[in-house]
file entry-v2.txt (compact mmCIF, C-alpha atoms)
# COMPACT_ATOMS: atom_id res chain seq x y z
CA MET A 1 30.70 67.26 41.09
CA PRO A 2 31.84 69.82 38.51
CA GLU A 3 32.65 73.29 39.82
CA ILE A 4 29.98 75.45 38.24
CA ASN A 5 29.26 78.96 39.40
CA ARG A 6 25.52 78.54 39.56
CA PRO A 7 23.51 81.51 40.76
CA LEU A 8 22.75 80.88 44.41
CA SER A 9 19.91 82.19 46.52
CA PRO A 10 19.54 84.66 48.19
CA HIS A 11 19.96 87.28 45.49
CA LEU A 12 20.24 90.17 47.90
CA SER A 13 20.33 92.73 45.11
CA VAL A 14 16.78 91.97 43.92
CA TYR A 15 15.24 93.02 47.24
CA LYS A 16 14.27 96.56 48.07
CA TRP A 17 16.40 97.96 50.91
CA GLN A 18 14.10 98.82 53.80
CA VAL A 19 13.81 99.28 57.55
CA ALA A 20 13.36 95.61 58.49
CA ASN A 21 16.49 94.30 56.78
CA THR A 22 18.56 97.31 57.87
CA LEU A 23 17.68 96.65 61.52
CA SER A 24 18.30 92.93 61.03
CA ILE A 25 21.86 93.35 59.75
CA LEU A 26 22.43 96.08 62.35
CA HIS A 27 21.63 93.50 65.05
CA ARG A 28 24.40 91.27 63.73
CA ALA A 29 26.82 94.16 63.22
CA THR A 30 26.29 95.51 66.74
CA GLY A 31 26.69 91.98 68.09
CA VAL A 32 30.04 91.45 66.39
CA PHE A 33 31.17 94.92 67.44
CA MET A 34 30.27 94.17 71.06
CA SER A 35 32.13 90.84 70.90
CA LEU A 36 35.24 92.92 70.23
CA GLY A 37 34.07 95.43 72.83
CA ALA A 38 33.98 92.64 75.41
CA LEU A 39 37.77 92.95 75.32
CA ALA A 40 37.41 96.50 76.67
CA PHE A 41 35.16 95.21 79.47
CA ALA A 42 37.74 92.50 80.20
CA ALA A 43 40.66 94.95 80.07
CA TRP A 44 38.90 97.20 82.56
CA ILE A 45 38.42 94.42 85.13
CA ILE A 46 41.73 92.60 84.55
CA SER A 47 43.71 95.85 84.79
CA ALA A 48 41.98 96.69 88.06
CA ALA A 49 43.25 93.37 89.44
CA LEU A 50 46.78 93.95 88.07
CA GLY A 51 47.19 97.19 89.99
CA GLU A 52 46.73 100.93 89.90
CA ALA A 53 49.33 101.59 87.15
CA SER A 54 47.70 99.19 84.65
CA TYR A 55 44.23 100.40 85.60
CA VAL A 56 45.15 104.06 85.05
CA GLN A 57 46.70 103.15 81.70
CA VAL A 58 43.48 101.46 80.56
CA LEU A 59 41.37 104.38 81.77
CA GLU A 60 43.63 106.72 79.78
CA TRP A 61 42.98 104.69 76.65
CA PHE A 62 39.23 104.85 77.36
CA ALA A 63 39.36 108.61 77.89
CA GLY A 64 41.32 109.28 74.69
CA PRO A 65 39.52 110.38 71.50
CA LEU A 66 39.57 106.89 69.95
CA GLY A 67 38.61 105.27 73.25
CA LEU A 68 35.65 107.59 73.77
CA LEU A 69 34.49 107.00 70.20
CA VAL A 70 34.64 103.23 70.71
CA LEU A 71 32.87 103.44 74.08
CA PHE A 72 30.21 105.70 72.60
CA GLY A 73 29.74 103.24 69.74
CA LEU A 74 29.58 100.34 72.21
CA SER A 75 26.91 102.08 74.28
CA PHE A 76 24.70 102.61 71.22
CA ALA A 77 25.41 99.04 70.04
CA PHE A 78 24.40 97.78 73.48
CA PHE A 79 21.12 99.69 73.73
CA TYR A 80 20.21 98.80 70.16
CA HIS A 81 21.11 95.10 70.53
CA LEU A 82 19.24 94.98 73.87
CA GLY A 83 16.07 96.52 72.41
CA ASN A 84 16.18 94.49 69.22
CA GLY A 85 17.07 91.35 71.19
CA ILE A 86 13.91 91.78 73.26
CA ARG A 87 12.05 92.31 69.97
CA HIS A 88 13.45 88.97 68.78
CA LEU A 89 12.42 87.24 72.02
CA VAL A 90 8.88 88.56 71.54
CA TRP A 91 8.91 87.14 68.00
CA ASP A 92 10.22 83.83 69.36
CA ALA A 93 7.19 83.79 71.66
CA GLY A 94 5.01 84.23 68.58
CA TYR A 95 3.92 87.85 68.83
CA GLY A 96 4.45 91.03 66.83
CA PHE A 97 4.67 89.63 63.30
CA ASP A 98 2.04 91.90 61.67
CA LYS A 99 3.78 94.07 59.10
CA HIS A 100 2.81 97.38 60.69
CA VAL A 101 3.59 96.13 64.19
CA ALA A 102 7.03 94.87 63.13
CA ARG A 103 7.78 98.16 61.40
CA MET A 104 6.62 100.19 64.41
CA SER A 105 8.62 98.09 66.90
CA GLY A 106 11.65 98.47 64.65
CA TRP A 107 11.48 102.24 64.62
CA ALA A 108 10.73 102.31 68.35
CA THR A 109 13.80 100.16 69.02
CA PHE A 110 16.09 102.30 66.91
CA ILE A 111 14.87 105.66 68.27
CA GLY A 112 14.79 104.23 71.79
CA ALA A 113 18.44 103.17 71.44
CA LEU A 114 19.43 106.68 70.33
CA LEU A 115 17.61 108.24 73.29
CA ALA A 116 19.04 105.72 75.78
CA THR A 117 22.57 106.35 74.48
CA ALA A 118 22.12 110.11 74.88
CA ALA A 119 20.65 109.70 78.37
CA PHE A 120 23.46 107.33 79.41
CA TRP A 121 26.23 109.74 78.40
CA ALA A 122 24.39 112.66 79.95
CA GLY A 123 24.39 110.59 83.16
CA VAL A 124 28.05 109.55 82.94
CA LEU A 125 29.38 113.00 82.13
CA ALA A 126 27.10 114.80 84.58
CA MET B 1 5.14 59.17 56.89
CA SER B 2 8.35 59.52 58.80
CA LEU B 3 10.44 56.51 59.71
CA GLN B 4 12.11 58.45 62.53
CA SER B 5 11.45 56.96 65.94
CA PRO B 6 9.42 58.97 68.47
CA LEU B 7 12.50 59.18 70.68
CA GLY B 8 14.58 60.51 67.78
CA LYS B 9 11.96 63.17 67.10
CA PHE B 10 11.79 64.09 70.76
CA LEU B 11 15.54 64.58 71.02
CA GLY B 12 15.37 66.82 67.97
CA HIS B 13 18.61 65.41 66.63
CA GLY B 14 18.65 65.97 62.90
CA SER B 15 21.74 65.76 60.74
CA ALA B 16 23.28 68.63 62.71
CA LYS B 17 23.33 66.34 65.79
CA GLU B 18 22.64 69.14 68.17
CA GLY B 19 18.92 69.89 67.91
CA VAL B 20 17.97 73.23 69.40
CA GLN B 21 20.91 73.36 71.81
CA HIS B 22 22.64 76.34 70.21
CA TRP B 23 19.42 78.26 69.58
CA TRP B 24 18.19 77.65 73.11
CA SER B 25 21.51 78.63 74.75
CA GLN B 26 21.52 81.86 72.77
CA ARG B 27 18.04 82.71 74.12
CA LEU B 28 18.91 81.64 77.66
CA THR B 29 21.99 83.87 77.78
CA ALA B 30 20.03 86.68 76.10
CA VAL B 31 17.36 86.56 78.80
CA ALA B 32 20.03 86.46 81.52
CA LEU B 33 21.77 89.47 80.00
CA VAL B 34 18.73 91.74 80.24
CA PRO B 35 18.81 92.19 84.05
CA LEU B 36 22.60 91.70 84.31
CA THR B 37 23.51 94.39 81.79
CA LEU B 38 20.91 96.81 83.13
CA TRP B 39 22.37 96.32 86.62
CA PHE B 40 25.81 97.06 85.18
CA VAL B 41 24.62 100.23 83.40
CA VAL B 42 23.03 101.50 86.61
CA ALA B 43 26.24 100.66 88.51
CA LEU B 44 28.34 102.60 85.97
CA LEU B 45 26.03 105.59 86.30
CA GLY B 46 26.47 105.44 90.08
CA MET B 47 30.29 105.59 89.94
CA GLU B 48 31.87 108.64 91.52
CA ASN B 49 35.00 109.05 89.33
CA PHE B 50 36.13 105.52 88.32
CA ALA B 51 39.26 105.82 90.48
CA HIS B 52 41.12 102.57 91.16
CA ALA B 53 40.24 102.56 94.85
CA GLU B 54 36.56 103.11 94.10
CA ILE B 55 36.46 100.23 91.60
CA LEU B 56 38.25 97.87 93.99
CA GLY B 57 35.86 98.77 96.82
CA TRP B 58 32.89 98.28 94.54
CA MET B 59 34.08 94.92 93.11
CA ALA B 60 35.01 93.70 96.58
CA GLN B 61 31.38 93.69 97.73
CA PRO B 62 30.09 90.10 97.42
CA PHE B 63 26.89 91.04 95.58
CA ASN B 64 28.78 93.10 93.00
CA ALA B 65 31.44 90.41 92.55
CA ILE B 66 28.82 87.71 92.00
CA MET B 67 26.86 89.89 89.56
CA LEU B 68 30.07 90.72 87.65
CA ILE B 69 31.00 87.04 87.35
CA LEU B 70 27.48 86.16 86.16
CA LEU B 71 27.67 89.08 83.73
CA ALA B 72 31.06 87.95 82.39
CA ILE B 73 29.86 84.36 81.91
CA SER B 74 26.68 85.52 80.13
CA ILE B 75 28.44 88.09 77.94
CA LEU B 76 31.17 85.71 76.81
CA SER B 77 28.81 82.76 76.26
CA HIS B 78 26.36 84.89 74.29
CA SER B 79 29.23 86.45 72.34
CA GLN B 80 30.71 83.04 71.51
CA LEU B 81 27.35 81.72 70.30
CA GLY B 82 26.81 84.81 68.14
CA VAL B 83 30.29 84.87 66.63
CA GLN B 84 29.94 81.15 65.86
CA VAL B 85 26.83 81.79 63.74
CA VAL B 86 28.49 84.68 61.91
CA VAL B 87 31.59 82.59 61.17
CA GLU B 88 29.48 79.65 59.98
CA ASP B 89 27.63 82.00 57.62
CA TYR B 90 30.56 83.81 56.05
CA VAL B 91 33.73 81.73 56.47
CA HIS B 92 34.33 78.44 54.65
CA GLY B 93 36.84 75.63 54.45
CA TRP B 94 39.82 75.45 56.77
CA ALA B 95 39.47 79.11 57.70
CA LYS B 96 36.08 78.30 59.22
CA ILE B 97 37.51 75.58 61.47
CA VAL B 98 40.39 77.83 62.55
CA ALA B 99 38.03 80.75 63.21
CA LEU B 100 35.55 78.63 65.17
CA MET B 101 38.24 77.07 67.35
CA GLY B 102 40.10 80.35 67.78
CA SER B 103 36.96 82.24 68.73
CA LYS B 104 35.84 79.66 71.25
CA LEU B 105 39.26 79.40 72.89
CA VAL B 106 39.66 83.19 73.11
CA HIS B 107 36.19 83.54 74.62
CA ILE B 108 36.97 80.92 77.25
CA ALA B 109 40.38 82.46 78.03
CA VAL B 110 38.97 85.99 78.38
CA GLY B 111 36.12 84.70 80.54
CA VAL B 112 38.44 82.83 82.89
CA ALA B 113 40.79 85.84 83.15
CA VAL B 114 37.88 88.17 84.05
CA ILE B 115 36.40 85.77 86.61
CA TYR B 116 39.81 85.19 88.20
CA SER B 117 40.39 88.97 88.37
CA VAL B 118 37.06 89.62 90.08
CA ILE B 119 37.72 86.84 92.58
CA ILE B 120 41.20 88.01 93.57
CA ILE B 121 39.96 91.60 93.94
CA SER B 122 37.03 90.49 96.04
CA VAL B 123 38.90 87.96 98.19
CA GLY B 124 42.07 90.05 98.43
CA SER B 125 40.35 92.98 100.03
CA SER B 126 38.13 91.15 102.51
call {"tool": "encode", "arguments": {"input": "entry-v2.txt", "output": "structure tokens"}}
result
Amino acid sequence: MPEINRPLSPHLSVYKWQVANTLSILHRATGVFMSLGALAFAAWIISAALGEASYVQVLEWFAGPLGLLVLFGLSFAFFYHLGNGIRHLVWDAGYGFDKHVARMSGWATFIGALLATAAFWAGVLA
Amino acid sequence: MSLQSPLGKFLGHGSAKEGVQHWWSQRLTAVALVPLTLWFVVALLGMENFAHAEILGWMAQPFNAIMLILLAISILSHSQLGVQVVVEDYVHGWAKIVALMGSKLVHIAVGVAVIYSVIIISVGSS
């Protein structure tokens, strides 16, 4: 078959950017981010088994500026992915497809994730 | 009219040869992660100061150790399934095969390391 650069669907640029597709790609982005973040979860547990010195070292990384930023990002990614994941499970069950319902649940998920992240850090730092 | 046998239809094996296996596993691990991650968040909020001794004491309790192992299995399975889809969507050719194999092997290795760590902490201090 000759190599021809035919235009392939989907032509993402022809669609209007809106809430639904933003939240959709955010689900994937937070998922990939948390896959990397799983290494932090693993480092925390493995270092605890290795001994106090390793554990303290890992905690120091977590408590540093970059570490805190990553952990903060992971917490938001988690609450968002959790909320949107439940939204997906509801869709899988066949509910919530009406345009206004889907838009409302999207906003609720996003705002809920922001609030949960704030509440979580208020709890951790308190 | 389809020439596919009723058994073939039932097994759901199309050309991909795996039917709904991947899709279903992703949902199963997602559902498992809802209570497991929420338990973990509550546990984190209940930590005194994340000192090494506190973490060891906490992980040593059988219930916590079992929950952590279930959490690690669910996180790494769900992560592997998600990363696989992302790789299949965006990576092509040999790079795809390398990325798929690499991702799966790293997920398994990290999972085994975490589970082993939890077990030696829990058994070592009993």
call {"tool": "closest_residue", "arguments": {"input": "entry-v2.txt", "among": "B:Val20, B:Lys96, B:Ser74, B:Leu44", "to": "chain A", "atoms": "all atoms listed in the file"}}
result
B:Leu44
call {"tool": "atom_distance", "arguments": {"input": "entry-v2.txt", "atom1": "CA of Ala95 (chain B)", "atom2": "CA of Leu36 (chain A)"}}
result
19.1 Å
call {"tool": "interface_residues", "arguments": {"input": "entry-v2.txt", "of": "chain B", "to": "chain A", "cutoff": "6 Å", "atoms": "all atoms listed in the file", "output": "list in words"}}
result
Leu45, His52, Ser79, Val114, Ser117 and Ile121 of chain B
call {"tool": "residues_around", "arguments": {"input": "entry-v2.txt", "residues": "Ile25 (chain A)", "least_positions_apart": "6", "cutoff": "12 Å", "atoms": "all atoms listed in the file", "output": "count of residues only"}}
result
9
call {"tool": "atom_distance", "arguments": {"input": "entry-v2.txt", "atom1": "CA of Ser13 (chain A)", "atom2": "CA of Gly96 (chain A)"}}
result
27.0 Å
call {"tool": "atom_distance", "arguments": {"input": "entry-v2.txt", "atom1": "CA of Glu60 (chain A)", "atom2": "CA of Val34 (chain B)"}}
result
29.1 Å
call {"tool": "closest_residue", "arguments": {"input": "entry-v2.txt", "among": "B:Ser2, B:Lys9, B:Val83, B:Glu18", "to": "Val106 (chain B)", "atoms": "all atoms listed in the file"}}
result
B:Val83
call {"tool": "closest_residue", "arguments": {"input": "entry-v2.txt", "among": "A:Ala20, A:Tyr95, A:Val14, A:Gly37", "to": "Leu76 (chain B)", "atoms": "all atoms listed in the file"}}
result
A:Gly37
call {"tool": "closest_residue", "arguments": {"input": "entry-v2.txt", "among": "A:Ala108, A:Val58, A:Thr30, A:Lys99", "to": "Leu74 (chain A)", "atoms": "all atoms listed in the file"}}
result
A:Thr30
call {"tool": "residues_near_point", "arguments": {"input": "entry-v2.txt", "point": "(34.2, 81.7, 85.1)", "cutoff": "10 Å", "atoms": "only C-alpha atoms", "output": "PyMOL selection string"}}
result
chain B and resi 69-74+76+108-116+118-119
call {"tool": "closest_residue", "arguments": {"input": "entry-v2.txt", "among": "B:Leu36, B:Ser77, B:Trp94, B:Gln26", "to": "Asn64 (chain B)", "atoms": "only C-alpha atoms"}}
result
B:Leu36
call {"tool": "residues_around", "arguments": {"input": "entry-v2.txt", "residues": "Gly57 (chain B)", "least_positions_apart": "3", "cutoff": "9 Å", "atoms": "all atoms listed in the file", "output": "PyMOL selection string"}}
result
chain B and resi 52-54+60-61+121-122+125
call {"tool": "build_atoms", "arguments": {"input": "entry-v2.txt", "residues": "region 65-88 of chain A", "atoms": "N, CA and C atoms", "output": "short mmCIF file (atom, residue, chain, number, x, y, z; two decimals), keeping the file's coordinate frame"}}
result
data_model
loop_
_atom_site.label_atom_id
_atom_site.label_comp_id
_atom_site.auth_asym_id
_atom_site.auth_seq_id
_atom_site.Cartn_x
_atom_site.Cartn_y
_atom_site.Cartn_z
N PRO A 65 40.52 110.16 72.55
CA PRO A 65 39.52 110.38 71.50
C PRO A 65 39.02 109.06 70.88
N LEU A 66 39.97 108.16 70.56
CA LEU A 66 39.57 106.89 69.95
C LEU A 66 38.79 106.04 70.96
N GLY A 67 39.27 106.04 72.20
CA GLY A 67 38.61 105.27 73.25
C GLY A 67 37.18 105.73 73.47
N LEU A 68 37.00 107.05 73.55
CA LEU A 68 35.65 107.59 73.77
C LEU A 68 34.74 107.25 72.60
N LEU A 69 35.29 107.33 71.38
CA LEU A 69 34.49 107.00 70.20
C LEU A 69 34.03 105.55 70.25
N VAL A 70 34.97 104.65 70.62
CA VAL A 70 34.64 103.23 70.71
C VAL A 70 33.60 103.00 71.82
N LEU A 71 33.81 103.63 72.97
CA LEU A 71 32.87 103.44 74.08
C LEU A 71 31.50 103.98 73.72
N PHE A 72 31.48 105.13 73.03
CA PHE A 72 30.21 105.70 72.60
C PHE A 72 29.52 104.73 71.64
N GLY A 73 30.29 104.21 70.69
CA GLY A 73 29.74 103.24 69.74
C GLY A 73 29.23 101.99 70.46
N LEU A 74 29.99 101.53 71.46
CA LEU A 74 29.58 100.34 72.21
C LEU A 74 28.28 100.59 72.96
N SER A 75 28.13 101.80 73.52
CA SER A 75 26.91 102.08 74.28
C SER A 75 25.69 102.06 73.35
N PHE A 76 25.83 102.66 72.16
CA PHE A 76 24.70 102.61 71.22
C PHE A 76 24.45 101.17 70.78
N ALA A 77 25.54 100.44 70.46
CA ALA A 77 25.41 99.04 70.04
C ALA A 77 24.68 98.24 71.12
N PHE A 78 25.04 98.51 72.38
CA PHE A 78 24.40 97.78 73.48
C PHE A 78 22.90 98.07 73.55
N PHE A 79 22.55 99.36 73.58
CA PHE A 79 21.12 99.69 73.73
C PHE A 79 20.31 99.21 72.53
N TYR A 80 20.92 99.28 71.34
CA TYR A 80 20.21 98.80 70.16
C TYR A 80 20.04 97.27 70.22
N HIS A 81 21.13 96.58 70.51
CA HIS A 81 21.11 95.10 70.53
C HIS A 81 20.17 94.60 71.64
N LEU A 82 20.15 95.33 72.77
CA LEU A 82 19.24 94.98 73.87
C LEU A 82 17.79 95.11 73.42
N GLY A 83 17.43 96.28 72.86
CA GLY A 83 16.07 96.52 72.41
C GLY A 83 15.66 95.55 71.31
N ASN A 84 16.53 95.38 70.33
CA ASN A 84 16.18 94.49 69.22
C ASN A 84 16.20 93.02 69.66
N GLY A 85 17.04 92.72 70.65
CA GLY A 85 17.07 91.35 71.19
C GLY A 85 15.74 91.02 71.86
N ILE A 86 15.21 91.99 72.62
CA ILE A 86 13.91 91.78 73.26
C ILE A 86 12.83 91.62 72.18
N ARG A 87 12.98 92.41 71.10
CA ARG A 87 12.05 92.31 69.97
C ARG A 87 12.10 90.88 69.38
N HIS A 88 13.31 90.34 69.29
CA HIS A 88 13.45 88.97 68.78
C HIS A 88 12.83 87.96 69.73
#
